[in-house]
file input-v3.txt (compact mmCIF, N, CA and C atoms)
# COMPACT_ATOMS: atom_id res chain seq x y z
N PHE A 234 -45.64 85.84 -168.59
CA PHE A 234 -47.01 86.33 -168.60
C PHE A 234 -47.57 86.47 -167.19
N CYS A 235 -47.29 85.49 -166.34
CA CYS A 235 -47.83 85.54 -164.97
C CYS A 235 -47.26 86.72 -164.19
N ILE A 236 -45.99 87.02 -164.39
CA ILE A 236 -45.39 88.12 -163.65
C ILE A 236 -45.98 89.45 -164.12
N SER A 237 -46.12 89.64 -165.42
CA SER A 237 -46.67 90.90 -165.90
C SER A 237 -48.16 91.00 -165.63
N ASP A 238 -48.84 89.85 -165.55
CA ASP A 238 -50.28 89.86 -165.30
C ASP A 238 -50.59 90.28 -163.88
N THR A 239 -49.73 89.95 -162.95
CA THR A 239 -50.01 90.23 -161.54
C THR A 239 -49.15 91.36 -160.99
N SER A 240 -48.48 92.12 -161.85
CA SER A 240 -47.53 93.11 -161.33
C SER A 240 -48.22 94.21 -160.53
N TYR A 241 -49.39 94.67 -160.95
CA TYR A 241 -50.08 95.72 -160.20
C TYR A 241 -50.53 95.21 -158.83
N ILE A 242 -51.05 94.00 -158.80
CA ILE A 242 -51.50 93.42 -157.53
C ILE A 242 -50.30 93.23 -156.61
N ARG A 243 -49.21 92.74 -157.17
CA ARG A 243 -48.01 92.50 -156.37
C ARG A 243 -47.46 93.80 -155.80
N LEU A 244 -47.43 94.85 -156.61
CA LEU A 244 -46.96 96.15 -156.12
C LEU A 244 -47.86 96.69 -155.02
N LEU A 245 -49.17 96.57 -155.21
CA LEU A 245 -50.11 97.05 -154.21
C LEU A 245 -49.94 96.30 -152.89
N LEU A 246 -49.86 94.98 -152.96
CA LEU A 246 -49.70 94.20 -151.73
C LEU A 246 -48.36 94.44 -151.07
N ASN A 247 -47.31 94.61 -151.86
CA ASN A 247 -46.00 94.88 -151.27
C ASN A 247 -45.97 96.21 -150.56
N LYS A 248 -46.65 97.20 -151.10
CA LYS A 248 -46.65 98.52 -150.46
C LYS A 248 -47.51 98.53 -149.20
N ILE A 249 -48.56 97.73 -149.16
CA ILE A 249 -49.47 97.77 -148.02
C ILE A 249 -49.11 96.74 -146.96
N ILE A 250 -48.85 95.52 -147.37
CA ILE A 250 -48.78 94.42 -146.41
C ILE A 250 -47.36 94.06 -145.99
N ASP A 251 -46.41 94.05 -146.90
CA ASP A 251 -45.08 93.54 -146.60
C ASP A 251 -44.37 94.43 -145.58
N PRO A 252 -44.02 93.89 -144.40
CA PRO A 252 -43.38 94.73 -143.37
C PRO A 252 -41.93 95.06 -143.68
N ASN A 253 -41.33 94.42 -144.68
CA ASN A 253 -39.92 94.65 -144.97
C ASN A 253 -39.69 95.73 -146.02
N THR A 254 -40.74 96.29 -146.58
CA THR A 254 -40.56 97.34 -147.58
C THR A 254 -40.30 98.67 -146.90
N PRO A 255 -39.64 99.58 -147.57
CA PRO A 255 -39.37 100.88 -146.95
C PRO A 255 -40.62 101.72 -146.73
N HIS A 256 -41.73 101.37 -147.39
CA HIS A 256 -42.97 102.13 -147.24
C HIS A 256 -43.68 101.85 -145.93
N SER A 257 -43.43 100.68 -145.37
CA SER A 257 -44.13 100.36 -144.12
C SER A 257 -43.40 101.03 -142.96
N ARG A 258 -44.18 101.61 -142.08
CA ARG A 258 -43.60 102.36 -140.96
C ARG A 258 -43.25 101.45 -139.79
N THR A 259 -44.02 100.39 -139.62
CA THR A 259 -43.76 99.44 -138.53
C THR A 259 -43.87 98.03 -139.07
N PRO A 260 -43.37 97.06 -138.33
CA PRO A 260 -43.54 95.67 -138.79
C PRO A 260 -44.98 95.18 -138.68
N TYR A 261 -45.85 95.98 -138.05
CA TYR A 261 -47.25 95.57 -137.87
C TYR A 261 -48.18 96.21 -138.89
N THR A 262 -47.63 96.76 -139.96
CA THR A 262 -48.44 97.44 -140.96
C THR A 262 -49.48 96.51 -141.56
N MET A 263 -49.12 95.24 -141.76
CA MET A 263 -50.06 94.31 -142.39
C MET A 263 -51.28 94.05 -141.51
N PHE A 264 -51.18 94.31 -140.21
CA PHE A 264 -52.30 94.06 -139.31
C PHE A 264 -53.31 95.21 -139.29
N TYR A 265 -52.95 96.33 -139.91
CA TYR A 265 -53.87 97.46 -139.94
C TYR A 265 -55.11 97.17 -140.79
N LEU A 266 -55.01 96.23 -141.71
CA LEU A 266 -56.15 95.89 -142.56
C LEU A 266 -57.11 94.90 -141.90
N LEU A 267 -56.73 94.32 -140.78
CA LEU A 267 -57.60 93.34 -140.13
C LEU A 267 -58.96 93.89 -139.71
N PRO A 268 -59.06 95.09 -139.13
CA PRO A 268 -60.41 95.59 -138.81
C PRO A 268 -61.28 95.77 -140.05
N VAL A 269 -60.70 96.20 -141.15
CA VAL A 269 -61.47 96.36 -142.38
C VAL A 269 -61.97 95.01 -142.88
N CYS A 270 -61.10 94.01 -142.86
CA CYS A 270 -61.49 92.67 -143.29
C CYS A 270 -62.55 92.08 -142.37
N PHE A 271 -62.40 92.27 -141.08
CA PHE A 271 -63.36 91.73 -140.12
C PHE A 271 -64.72 92.42 -140.28
N TYR A 272 -64.72 93.74 -140.44
CA TYR A 272 -65.97 94.47 -140.64
C TYR A 272 -66.67 94.02 -141.93
N THR A 273 -65.89 93.82 -142.99
CA THR A 273 -66.46 93.36 -144.25
C THR A 273 -67.06 91.97 -144.10
N PHE A 274 -66.37 91.08 -143.40
CA PHE A 274 -66.88 89.74 -143.16
C PHE A 274 -68.20 89.79 -142.39
N LEU A 275 -68.25 90.58 -141.32
CA LEU A 275 -69.49 90.69 -140.53
C LEU A 275 -70.62 91.30 -141.35
N ASN A 276 -70.31 92.26 -142.20
CA ASN A 276 -71.32 92.88 -143.04
C ASN A 276 -71.90 91.88 -144.04
N ILE A 277 -71.05 91.07 -144.65
CA ILE A 277 -71.52 90.06 -145.59
C ILE A 277 -72.38 89.02 -144.88
N VAL A 278 -71.94 88.58 -143.70
CA VAL A 278 -72.73 87.60 -142.93
C VAL A 278 -74.09 88.19 -142.57
N ALA A 279 -74.12 89.43 -142.13
CA ALA A 279 -75.39 90.04 -141.74
C ALA A 279 -76.34 90.18 -142.92
N LEU A 280 -75.82 90.60 -144.06
CA LEU A 280 -76.69 90.77 -145.23
C LEU A 280 -77.20 89.43 -145.75
N LEU A 281 -76.34 88.43 -145.78
CA LEU A 281 -76.79 87.12 -146.26
C LEU A 281 -77.75 86.47 -145.27
N SER A 282 -77.55 86.70 -143.98
CA SER A 282 -78.41 86.08 -142.96
C SER A 282 -79.81 86.68 -142.94
N THR A 283 -79.96 87.91 -143.40
CA THR A 283 -81.29 88.51 -143.40
C THR A 283 -82.19 87.86 -144.45
N VAL A 284 -81.61 87.34 -145.51
CA VAL A 284 -82.39 86.77 -146.60
C VAL A 284 -82.40 85.24 -146.57
N HIS A 285 -81.28 84.65 -146.21
CA HIS A 285 -81.13 83.20 -146.29
C HIS A 285 -80.86 82.60 -144.91
N SER A 286 -80.88 81.29 -144.87
CA SER A 286 -80.63 80.59 -143.61
C SER A 286 -79.14 80.59 -143.28
N LYS A 287 -78.83 80.19 -142.05
CA LYS A 287 -77.43 80.11 -141.63
C LYS A 287 -76.69 79.03 -142.41
N PHE A 288 -77.42 77.97 -142.80
CA PHE A 288 -76.81 76.91 -143.61
C PHE A 288 -76.35 77.46 -144.95
N PHE A 289 -77.18 78.29 -145.60
CA PHE A 289 -76.79 78.88 -146.87
C PHE A 289 -75.57 79.78 -146.70
N THR A 290 -75.55 80.58 -145.65
CA THR A 290 -74.42 81.48 -145.40
C THR A 290 -73.14 80.68 -145.18
N LEU A 291 -73.23 79.62 -144.40
CA LEU A 291 -72.06 78.76 -144.17
C LEU A 291 -71.61 78.10 -145.46
N LEU A 292 -72.56 77.62 -146.26
CA LEU A 292 -72.23 77.00 -147.53
C LEU A 292 -71.59 78.01 -148.49
N TYR A 293 -72.07 79.24 -148.47
CA TYR A 293 -71.50 80.29 -149.32
C TYR A 293 -70.02 80.51 -148.96
N PHE A 294 -69.72 80.67 -147.67
CA PHE A 294 -68.33 80.90 -147.27
C PHE A 294 -67.46 79.67 -147.51
N LEU A 295 -68.02 78.50 -147.41
CA LEU A 295 -67.28 77.28 -147.73
C LEU A 295 -66.91 77.25 -149.21
N CYS A 296 -67.85 77.62 -150.07
CA CYS A 296 -67.58 77.66 -151.51
C CYS A 296 -66.56 78.74 -151.86
N VAL A 297 -66.66 79.89 -151.22
CA VAL A 297 -65.69 80.97 -151.47
C VAL A 297 -64.30 80.52 -151.04
N ALA A 298 -64.21 79.90 -149.87
CA ALA A 298 -62.91 79.42 -149.40
C ALA A 298 -62.35 78.33 -150.31
N THR A 299 -63.23 77.47 -150.83
CA THR A 299 -62.79 76.42 -151.74
C THR A 299 -62.23 77.01 -153.03
N GLN A 300 -62.77 78.12 -153.46
CA GLN A 300 -62.28 78.73 -154.69
C GLN A 300 -61.03 79.56 -154.46
N ILE A 301 -60.91 80.26 -153.35
CA ILE A 301 -59.83 81.23 -153.18
C ILE A 301 -58.60 80.65 -152.49
N VAL A 302 -58.77 79.79 -151.50
CA VAL A 302 -57.64 79.31 -150.71
C VAL A 302 -56.61 78.55 -151.54
N PRO A 303 -56.99 77.66 -152.46
CA PRO A 303 -55.95 76.92 -153.19
C PRO A 303 -55.17 77.74 -154.22
N GLN A 304 -55.57 78.96 -154.49
CA GLN A 304 -54.90 79.76 -155.52
C GLN A 304 -53.50 80.15 -155.06
N GLY A 305 -52.56 80.07 -155.98
CA GLY A 305 -51.18 80.45 -155.66
C GLY A 305 -50.97 81.95 -155.62
N LEU A 306 -51.79 82.69 -156.35
CA LEU A 306 -51.67 84.14 -156.42
C LEU A 306 -52.97 84.77 -155.94
N LEU A 307 -52.87 85.94 -155.37
CA LEU A 307 -54.05 86.68 -154.95
C LEU A 307 -54.36 87.73 -156.01
N GLU A 308 -55.40 87.49 -156.79
CA GLU A 308 -55.78 88.40 -157.84
C GLU A 308 -57.25 88.73 -157.73
N PHE A 309 -57.64 89.87 -158.27
CA PHE A 309 -59.02 90.31 -158.19
C PHE A 309 -59.96 89.40 -158.98
N ARG A 310 -59.47 88.77 -160.03
CA ARG A 310 -60.35 87.95 -160.86
C ARG A 310 -60.88 86.72 -160.11
N TYR A 311 -60.19 86.29 -159.07
CA TYR A 311 -60.67 85.15 -158.30
C TYR A 311 -61.86 85.52 -157.42
N PHE A 312 -62.10 86.81 -157.22
CA PHE A 312 -63.21 87.25 -156.39
C PHE A 312 -64.45 87.63 -157.21
N ILE A 313 -64.38 87.52 -158.52
CA ILE A 313 -65.51 87.92 -159.36
C ILE A 313 -66.71 87.01 -159.13
N LEU A 314 -66.52 85.71 -159.21
CA LEU A 314 -67.64 84.78 -159.04
C LEU A 314 -68.25 84.85 -157.64
N PRO A 315 -67.46 84.85 -156.56
CA PRO A 315 -68.08 85.02 -155.24
C PRO A 315 -68.82 86.34 -155.09
N TYR A 316 -68.29 87.41 -155.68
CA TYR A 316 -68.98 88.70 -155.58
C TYR A 316 -70.31 88.67 -156.34
N LEU A 317 -70.31 88.07 -157.52
CA LEU A 317 -71.56 88.00 -158.28
C LEU A 317 -72.61 87.17 -157.54
N LEU A 318 -72.20 86.07 -156.95
CA LEU A 318 -73.15 85.26 -156.17
C LEU A 318 -73.65 86.04 -154.95
N TYR A 319 -72.76 86.75 -154.29
CA TYR A 319 -73.16 87.59 -153.16
C TYR A 319 -74.15 88.65 -153.60
N ARG A 320 -73.84 89.30 -154.70
CA ARG A 320 -74.69 90.39 -155.18
C ARG A 320 -76.07 89.90 -155.59
N LEU A 321 -76.15 88.68 -156.10
CA LEU A 321 -77.44 88.11 -156.48
C LEU A 321 -78.29 87.73 -155.27
N HIS A 322 -77.65 87.44 -154.14
CA HIS A 322 -78.38 86.93 -152.98
C HIS A 322 -78.63 87.96 -151.89
N VAL A 323 -78.12 89.18 -152.03
CA VAL A 323 -78.43 90.21 -151.03
C VAL A 323 -79.70 90.95 -151.44
N PRO A 324 -80.37 91.57 -150.50
CA PRO A 324 -81.59 92.32 -150.85
C PRO A 324 -81.27 93.48 -151.78
N GLN A 325 -82.20 93.77 -152.66
CA GLN A 325 -82.01 94.87 -153.60
C GLN A 325 -82.14 96.21 -152.89
N HIS A 326 -81.31 97.13 -153.28
CA HIS A 326 -81.34 98.46 -152.71
C HIS A 326 -82.25 99.36 -153.55
N SER A 327 -82.30 100.60 -153.19
CA SER A 327 -83.10 101.56 -153.95
C SER A 327 -82.46 101.81 -155.31
N TRP A 328 -83.22 102.45 -156.17
CA TRP A 328 -82.71 102.76 -157.51
C TRP A 328 -81.54 103.72 -157.46
N VAL A 329 -81.50 104.57 -156.48
CA VAL A 329 -80.39 105.53 -156.36
C VAL A 329 -79.08 104.78 -156.07
N VAL A 330 -79.14 103.82 -155.16
CA VAL A 330 -77.94 103.04 -154.82
C VAL A 330 -77.50 102.21 -156.03
N LEU A 331 -78.45 101.62 -156.73
CA LEU A 331 -78.10 100.85 -157.92
C LEU A 331 -77.49 101.73 -159.01
N PHE A 332 -78.01 102.95 -159.15
CA PHE A 332 -77.45 103.86 -160.13
C PHE A 332 -76.03 104.29 -159.75
N LEU A 333 -75.79 104.55 -158.46
CA LEU A 333 -74.44 104.90 -158.01
C LEU A 333 -73.47 103.74 -158.21
N GLU A 334 -73.96 102.53 -157.99
CA GLU A 334 -73.12 101.36 -158.23
C GLU A 334 -72.79 101.22 -159.71
N LEU A 335 -73.76 101.48 -160.57
CA LEU A 335 -73.52 101.46 -162.01
C LEU A 335 -72.49 102.51 -162.40
N CYS A 336 -72.59 103.70 -161.83
CA CYS A 336 -71.62 104.76 -162.11
C CYS A 336 -70.22 104.37 -161.65
N GLN A 337 -70.13 103.73 -160.50
CA GLN A 337 -68.84 103.29 -159.98
C GLN A 337 -68.21 102.26 -160.93
N TYR A 338 -68.97 101.29 -161.37
CA TYR A 338 -68.43 100.27 -162.28
C TYR A 338 -68.07 100.86 -163.63
N THR A 339 -68.85 101.82 -164.10
CA THR A 339 -68.52 102.48 -165.37
C THR A 339 -67.22 103.25 -165.25
N LEU A 340 -67.02 103.94 -164.15
CA LEU A 340 -65.78 104.68 -163.93
C LEU A 340 -64.57 103.73 -163.87
N ILE A 341 -64.72 102.61 -163.17
CA ILE A 341 -63.62 101.63 -163.09
C ILE A 341 -63.30 101.08 -164.48
N ASN A 342 -64.32 100.77 -165.26
CA ASN A 342 -64.08 100.26 -166.61
C ASN A 342 -63.43 101.31 -167.51
N LEU A 343 -63.83 102.56 -167.38
CA LEU A 343 -63.22 103.62 -168.18
C LEU A 343 -61.74 103.80 -167.81
N ILE A 344 -61.44 103.76 -166.53
CA ILE A 344 -60.04 103.87 -166.10
C ILE A 344 -59.23 102.69 -166.61
N THR A 345 -59.80 101.50 -166.57
CA THR A 345 -59.11 100.31 -167.06
C THR A 345 -58.82 100.41 -168.56
N VAL A 346 -59.81 100.84 -169.33
CA VAL A 346 -59.61 100.99 -170.77
C VAL A 346 -58.58 102.08 -171.06
N LYS A 347 -58.62 103.17 -170.31
CA LYS A 347 -57.65 104.26 -170.51
C LYS A 347 -56.23 103.77 -170.21
N LEU A 348 -56.07 103.02 -169.13
CA LEU A 348 -54.75 102.46 -168.81
C LEU A 348 -54.28 101.50 -169.90
N PHE A 349 -55.19 100.67 -170.37
CA PHE A 349 -54.82 99.69 -171.38
C PHE A 349 -54.40 100.37 -172.68
N LEU A 350 -55.09 101.42 -173.08
CA LEU A 350 -54.78 102.08 -174.34
C LEU A 350 -53.58 103.00 -174.25
N ASN A 351 -53.38 103.66 -173.12
CA ASN A 351 -52.35 104.70 -173.02
C ASN A 351 -51.08 104.27 -172.32
N LYS A 352 -51.12 103.27 -171.47
CA LYS A 352 -49.94 102.87 -170.71
C LYS A 352 -49.24 101.72 -171.43
N THR A 353 -48.20 102.04 -172.16
CA THR A 353 -47.46 101.02 -172.90
C THR A 353 -46.02 100.94 -172.38
N PHE A 354 -45.37 99.84 -172.69
CA PHE A 354 -43.95 99.68 -172.36
C PHE A 354 -43.30 98.89 -173.48
N ASP A 355 -41.98 98.98 -173.56
CA ASP A 355 -41.22 98.26 -174.57
C ASP A 355 -40.63 97.01 -173.96
N TRP A 356 -40.80 95.91 -174.67
CA TRP A 356 -40.27 94.64 -174.23
C TRP A 356 -38.87 94.50 -174.81
N ASP A 357 -37.89 94.22 -173.96
CA ASP A 357 -36.50 94.13 -174.43
C ASP A 357 -36.26 92.89 -175.29
N ILE A 358 -36.92 91.81 -174.94
CA ILE A 358 -36.72 90.55 -175.67
C ILE A 358 -37.77 90.50 -176.77
N THR A 359 -37.35 90.71 -177.99
CA THR A 359 -38.29 90.69 -179.11
C THR A 359 -37.64 90.02 -180.30
N ASP A 360 -38.45 89.31 -181.06
CA ASP A 360 -37.96 88.63 -182.26
C ASP A 360 -38.31 89.41 -183.53
N HIS A 361 -39.05 90.47 -183.38
CA HIS A 361 -39.49 91.23 -184.55
C HIS A 361 -38.49 92.33 -184.88
N LEU A 362 -38.48 92.70 -186.15
CA LEU A 362 -37.61 93.80 -186.56
C LEU A 362 -38.13 95.13 -186.05
N THR A 363 -39.44 95.29 -186.01
CA THR A 363 -40.04 96.51 -185.47
C THR A 363 -40.87 96.12 -184.25
N PRO A 364 -40.37 96.38 -183.07
CA PRO A 364 -41.11 95.96 -181.87
C PRO A 364 -42.40 96.76 -181.68
N ASN A 365 -43.41 96.08 -181.27
CA ASN A 365 -44.70 96.71 -180.97
C ASN A 365 -44.75 97.05 -179.49
N PRO A 366 -45.44 98.14 -179.15
CA PRO A 366 -45.57 98.45 -177.73
C PRO A 366 -46.43 97.41 -177.02
N GLN A 367 -46.03 97.04 -175.83
CA GLN A 367 -46.76 96.08 -175.02
C GLN A 367 -47.65 96.80 -174.04
N ARG A 368 -48.69 96.12 -173.56
CA ARG A 368 -49.62 96.74 -172.63
C ARG A 368 -49.85 95.83 -171.43
N PHE A 369 -50.06 96.48 -170.27
CA PHE A 369 -50.44 95.75 -169.07
C PHE A 369 -51.95 95.55 -169.08
N MET A 370 -52.38 94.41 -168.65
CA MET A 370 -53.81 94.16 -168.50
C MET A 370 -53.98 93.12 -167.41
N TRP A 371 -54.95 93.34 -166.54
CA TRP A 371 -55.21 92.36 -165.49
C TRP A 371 -56.59 91.82 -165.63

call {"tool": "encode", "arguments": {"input": "input-v3.txt", "output": "structure tokens"}}
result
Amino acid sequence: FCISDTSYIRLLLNKIIDPNTPHSRTPYTMFYLLPVCFYTFLNIVALLSTVHSKFFTLLYFLCVATQIVPQGLLEFRYFILPYLLYRLHVPQHSWVVLFLELCQYTLINLITVKLFLNKTFDWDITDHLTPNPQRFMW
């Protein structure tokens, strides 16, 4: 279950980060994401600091690190709670931005449901006389 549950994440990370895969052009491919991560970190700090104190911002990152660092696997579901807390504590945007965010989440959910319903595979190890199609879900 764990292997099939994380297969999409594993494939994505192997194609982007792992320097030993044939898709990476140089051994430094994994470092290309560092500016994006650093910019995201600075953006989160700036947005949280405008509303809350530095102590709250430090405590927020401490709690996020406490939740994410001990995990054996890197999955998107581990970032749901920190993202929700971040989203609750940043200043509200205009209605247009909120509507675009709603459209983005609706599109992601529709793609997820479409993949779940239409993307099936056959499991070789089965105890049933008539095997049922299996589905990926993360």

call {"tool": "atom_distance", "arguments": {"input": "input-v3.txt", "atom1": "atom CA of A:Leu267", "atom2": "atom CA of A:Ile341"}}
result
25.1 Å

call {"tool": "atom_distance", "arguments": {"input": "input-v3.txt", "atom1": "atom C of A:Phe288", "atom2": "atom N of A:Leu317"}}
result
17.5 Å

call {"tool": "axis_aligned_box", "arguments": {"input": "input-v3.txt", "around": "stretch 287-294 of chain A", "padding_each_side": "4 Å", "output": "JSON"}}
result
{"center_x": -73.1, "center_y": 79.2, "center_z": -145.5, "size_x": 19.4, "size_y": 12.6, "size_z": 15.7}

call {"tool": "closest_residue", "arguments": {"input": "input-v3.txt", "among": "A:Tyr293, A:Ser286, A:Leu331, A:Val302", "to": "A:Tyr316", "atoms": "only C-alpha atoms"}}
result
A:Tyr293

call {"tool": "residues_around", "arguments": {"input": "input-v3.txt", "residues": "A:Thr299", "least_positions_apart": "6", "cutoff": "12 Å", "atoms": "only C-alpha atoms", "output": "ChimeraX atom specification"}}
result
/A:292-293,311-312,315

call {"tool": "atom_distance", "arguments": {"input": "input-v3.txt", "atom1": "atom N of A:Leu314", "atom2": "atom C of A:Trp328"}}
result
23.5 Å

call {"tool": "select_by_dssp", "arguments": {"input": "input-v3.txt", "residues": "stretch 272-325 of chain A", "states": "alpha helix (DSSP H)", "output": "tab-separated table (two decimals) with N, CA and C atoms, in the coordinates of the input"}}
result
chain	number	residue	atom	x	y	z
A	272	TYR	N	-64.72	93.74	-140.44
A	272	TYR	CA	-65.97	94.47	-140.64
A	272	TYR	C	-66.67	94.02	-141.93
A	273	THR	N	-65.89	93.82	-142.99
A	273	THR	CA	-66.46	93.36	-144.25
A	273	THR	C	-67.06	91.97	-144.10
A	274	PHE	N	-66.37	91.08	-143.40
A	274	PHE	CA	-66.88	89.74	-143.16
A	274	PHE	C	-68.20	89.79	-142.39
A	275	LEU	N	-68.25	90.58	-141.32
A	275	LEU	CA	-69.49	90.69	-140.53
A	275	LEU	C	-70.62	91.30	-141.35
A	276	ASN	N	-70.31	92.26	-142.20
A	276	ASN	CA	-71.32	92.88	-143.04
A	276	ASN	C	-71.90	91.88	-144.04
A	277	ILE	N	-71.05	91.07	-144.65
A	277	ILE	CA	-71.52	90.06	-145.59
A	277	ILE	C	-72.38	89.02	-144.88
A	278	VAL	N	-71.94	88.58	-143.70
A	278	VAL	CA	-72.73	87.60	-142.93
A	278	VAL	C	-74.09	88.19	-142.57
A	279	ALA	N	-74.12	89.43	-142.13
A	279	ALA	CA	-75.39	90.04	-141.74
A	279	ALA	C	-76.34	90.18	-142.92
A	280	LEU	N	-75.82	90.60	-144.06
A	280	LEU	CA	-76.69	90.77	-145.23
A	280	LEU	C	-77.20	89.43	-145.75
A	281	LEU	N	-76.34	88.43	-145.78
A	281	LEU	CA	-76.79	87.12	-146.26
A	281	LEU	C	-77.75	86.47	-145.27
A	282	SER	N	-77.55	86.70	-143.98
A	282	SER	CA	-78.41	86.08	-142.96
A	282	SER	C	-79.81	86.68	-142.94
A	283	THR	N	-79.96	87.91	-143.40
A	283	THR	CA	-81.29	88.51	-143.40
A	283	THR	C	-82.19	87.86	-144.45
A	284	VAL	N	-81.61	87.34	-145.51
A	284	VAL	CA	-82.39	86.77	-146.60
A	284	VAL	C	-82.40	85.24	-146.57
A	287	LYS	N	-78.83	80.19	-142.05
A	287	LYS	CA	-77.43	80.11	-141.63
A	287	LYS	C	-76.69	79.03	-142.41
A	288	PHE	N	-77.42	77.97	-142.80
A	288	PHE	CA	-76.81	76.91	-143.61
A	288	PHE	C	-76.35	77.46	-144.95
A	289	PHE	N	-77.18	78.29	-145.60
A	289	PHE	CA	-76.79	78.88	-146.87
A	289	PHE	C	-75.57	79.78	-146.70
A	290	THR	N	-75.55	80.58	-145.65
A	290	THR	CA	-74.42	81.48	-145.40
A	290	THR	C	-73.14	80.68	-145.18
A	291	LEU	N	-73.23	79.62	-144.40
A	291	LEU	CA	-72.06	78.76	-144.17
A	291	LEU	C	-71.61	78.10	-145.46
A	292	LEU	N	-72.56	77.62	-146.26
A	292	LEU	CA	-72.23	77.00	-147.53
A	292	LEU	C	-71.59	78.01	-148.49
A	293	TYR	N	-72.07	79.24	-148.47
A	293	TYR	CA	-71.50	80.29	-149.32
A	293	TYR	C	-70.02	80.51	-148.96
A	294	PHE	N	-69.72	80.67	-147.67
A	294	PHE	CA	-68.33	80.90	-147.27
A	294	PHE	C	-67.46	79.67	-147.51
A	295	LEU	N	-68.02	78.50	-147.41
A	295	LEU	CA	-67.28	77.28	-147.73
A	295	LEU	C	-66.91	77.25	-149.21
A	296	CYS	N	-67.85	77.62	-150.07
A	296	CYS	CA	-67.58	77.66	-151.51
A	296	CYS	C	-66.56	78.74	-151.86
A	297	VAL	N	-66.66	79.89	-151.22
A	297	VAL	CA	-65.69	80.97	-151.47
A	297	VAL	C	-64.30	80.52	-151.04
A	298	ALA	N	-64.21	79.90	-149.87
A	298	ALA	CA	-62.91	79.42	-149.40
A	298	ALA	C	-62.35	78.33	-150.31
A	299	THR	N	-63.23	77.47	-150.83
A	299	THR	CA	-62.79	76.42	-151.74
A	299	THR	C	-62.23	77.01	-153.03
A	300	GLN	N	-62.77	78.12	-153.46
A	300	GLN	CA	-62.28	78.73	-154.69
A	300	GLN	C	-61.03	79.56	-154.46
A	301	ILE	N	-60.91	80.26	-153.35
A	301	ILE	CA	-59.83	81.23	-153.18
A	301	ILE	C	-58.60	80.65	-152.49
A	313	ILE	N	-64.38	87.52	-158.52
A	313	ILE	CA	-65.51	87.92	-159.36
A	313	ILE	C	-66.71	87.01	-159.13
A	314	LEU	N	-66.52	85.71	-159.21
A	314	LEU	CA	-67.64	84.78	-159.04
A	314	LEU	C	-68.25	84.85	-157.64
A	315	PRO	N	-67.46	84.85	-156.56
A	315	PRO	CA	-68.08	85.02	-155.24
A	315	PRO	C	-68.82	86.34	-155.09
A	316	TYR	N	-68.29	87.41	-155.68
A	316	TYR	CA	-68.98	88.70	-155.58
A	316	TYR	C	-70.31	88.67	-156.34
A	317	LEU	N	-70.31	88.07	-157.52
A	317	LEU	CA	-71.56	88.00	-158.28
A	317	LEU	C	-72.61	87.17	-157.54
A	318	LEU	N	-72.20	86.07	-156.95
A	318	LEU	CA	-73.15	85.26	-156.17
A	318	LEU	C	-73.65	86.04	-154.95
A	319	TYR	N	-72.76	86.75	-154.29
A	319	TYR	CA	-73.16	87.59	-153.16
A	319	TYR	C	-74.15	88.65	-153.60
A	320	ARG	N	-73.84	89.30	-154.70
A	320	ARG	CA	-74.69	90.39	-155.18
A	320	ARG	C	-76.07	89.90	-155.59
A	321	LEU	N	-76.15	88.68	-156.10
A	321	LEU	CA	-77.44	88.11	-156.48
A	321	LEU	C	-78.29	87.73	-155.27
A	322	HIS	N	-77.65	87.44	-154.14
A	322	HIS	CA	-78.38	86.93	-152.98
A	322	HIS	C	-78.63	87.96	-151.89

call {"tool": "residues_around", "arguments": {"input": "input-v3.txt", "residues": "A:His285", "least_positions_apart": "4", "cutoff": "8 Å", "atoms": "only N, CA and C atoms", "output": "ChimeraX atom specification"}}
result
/A:280-281,289-290,322-323
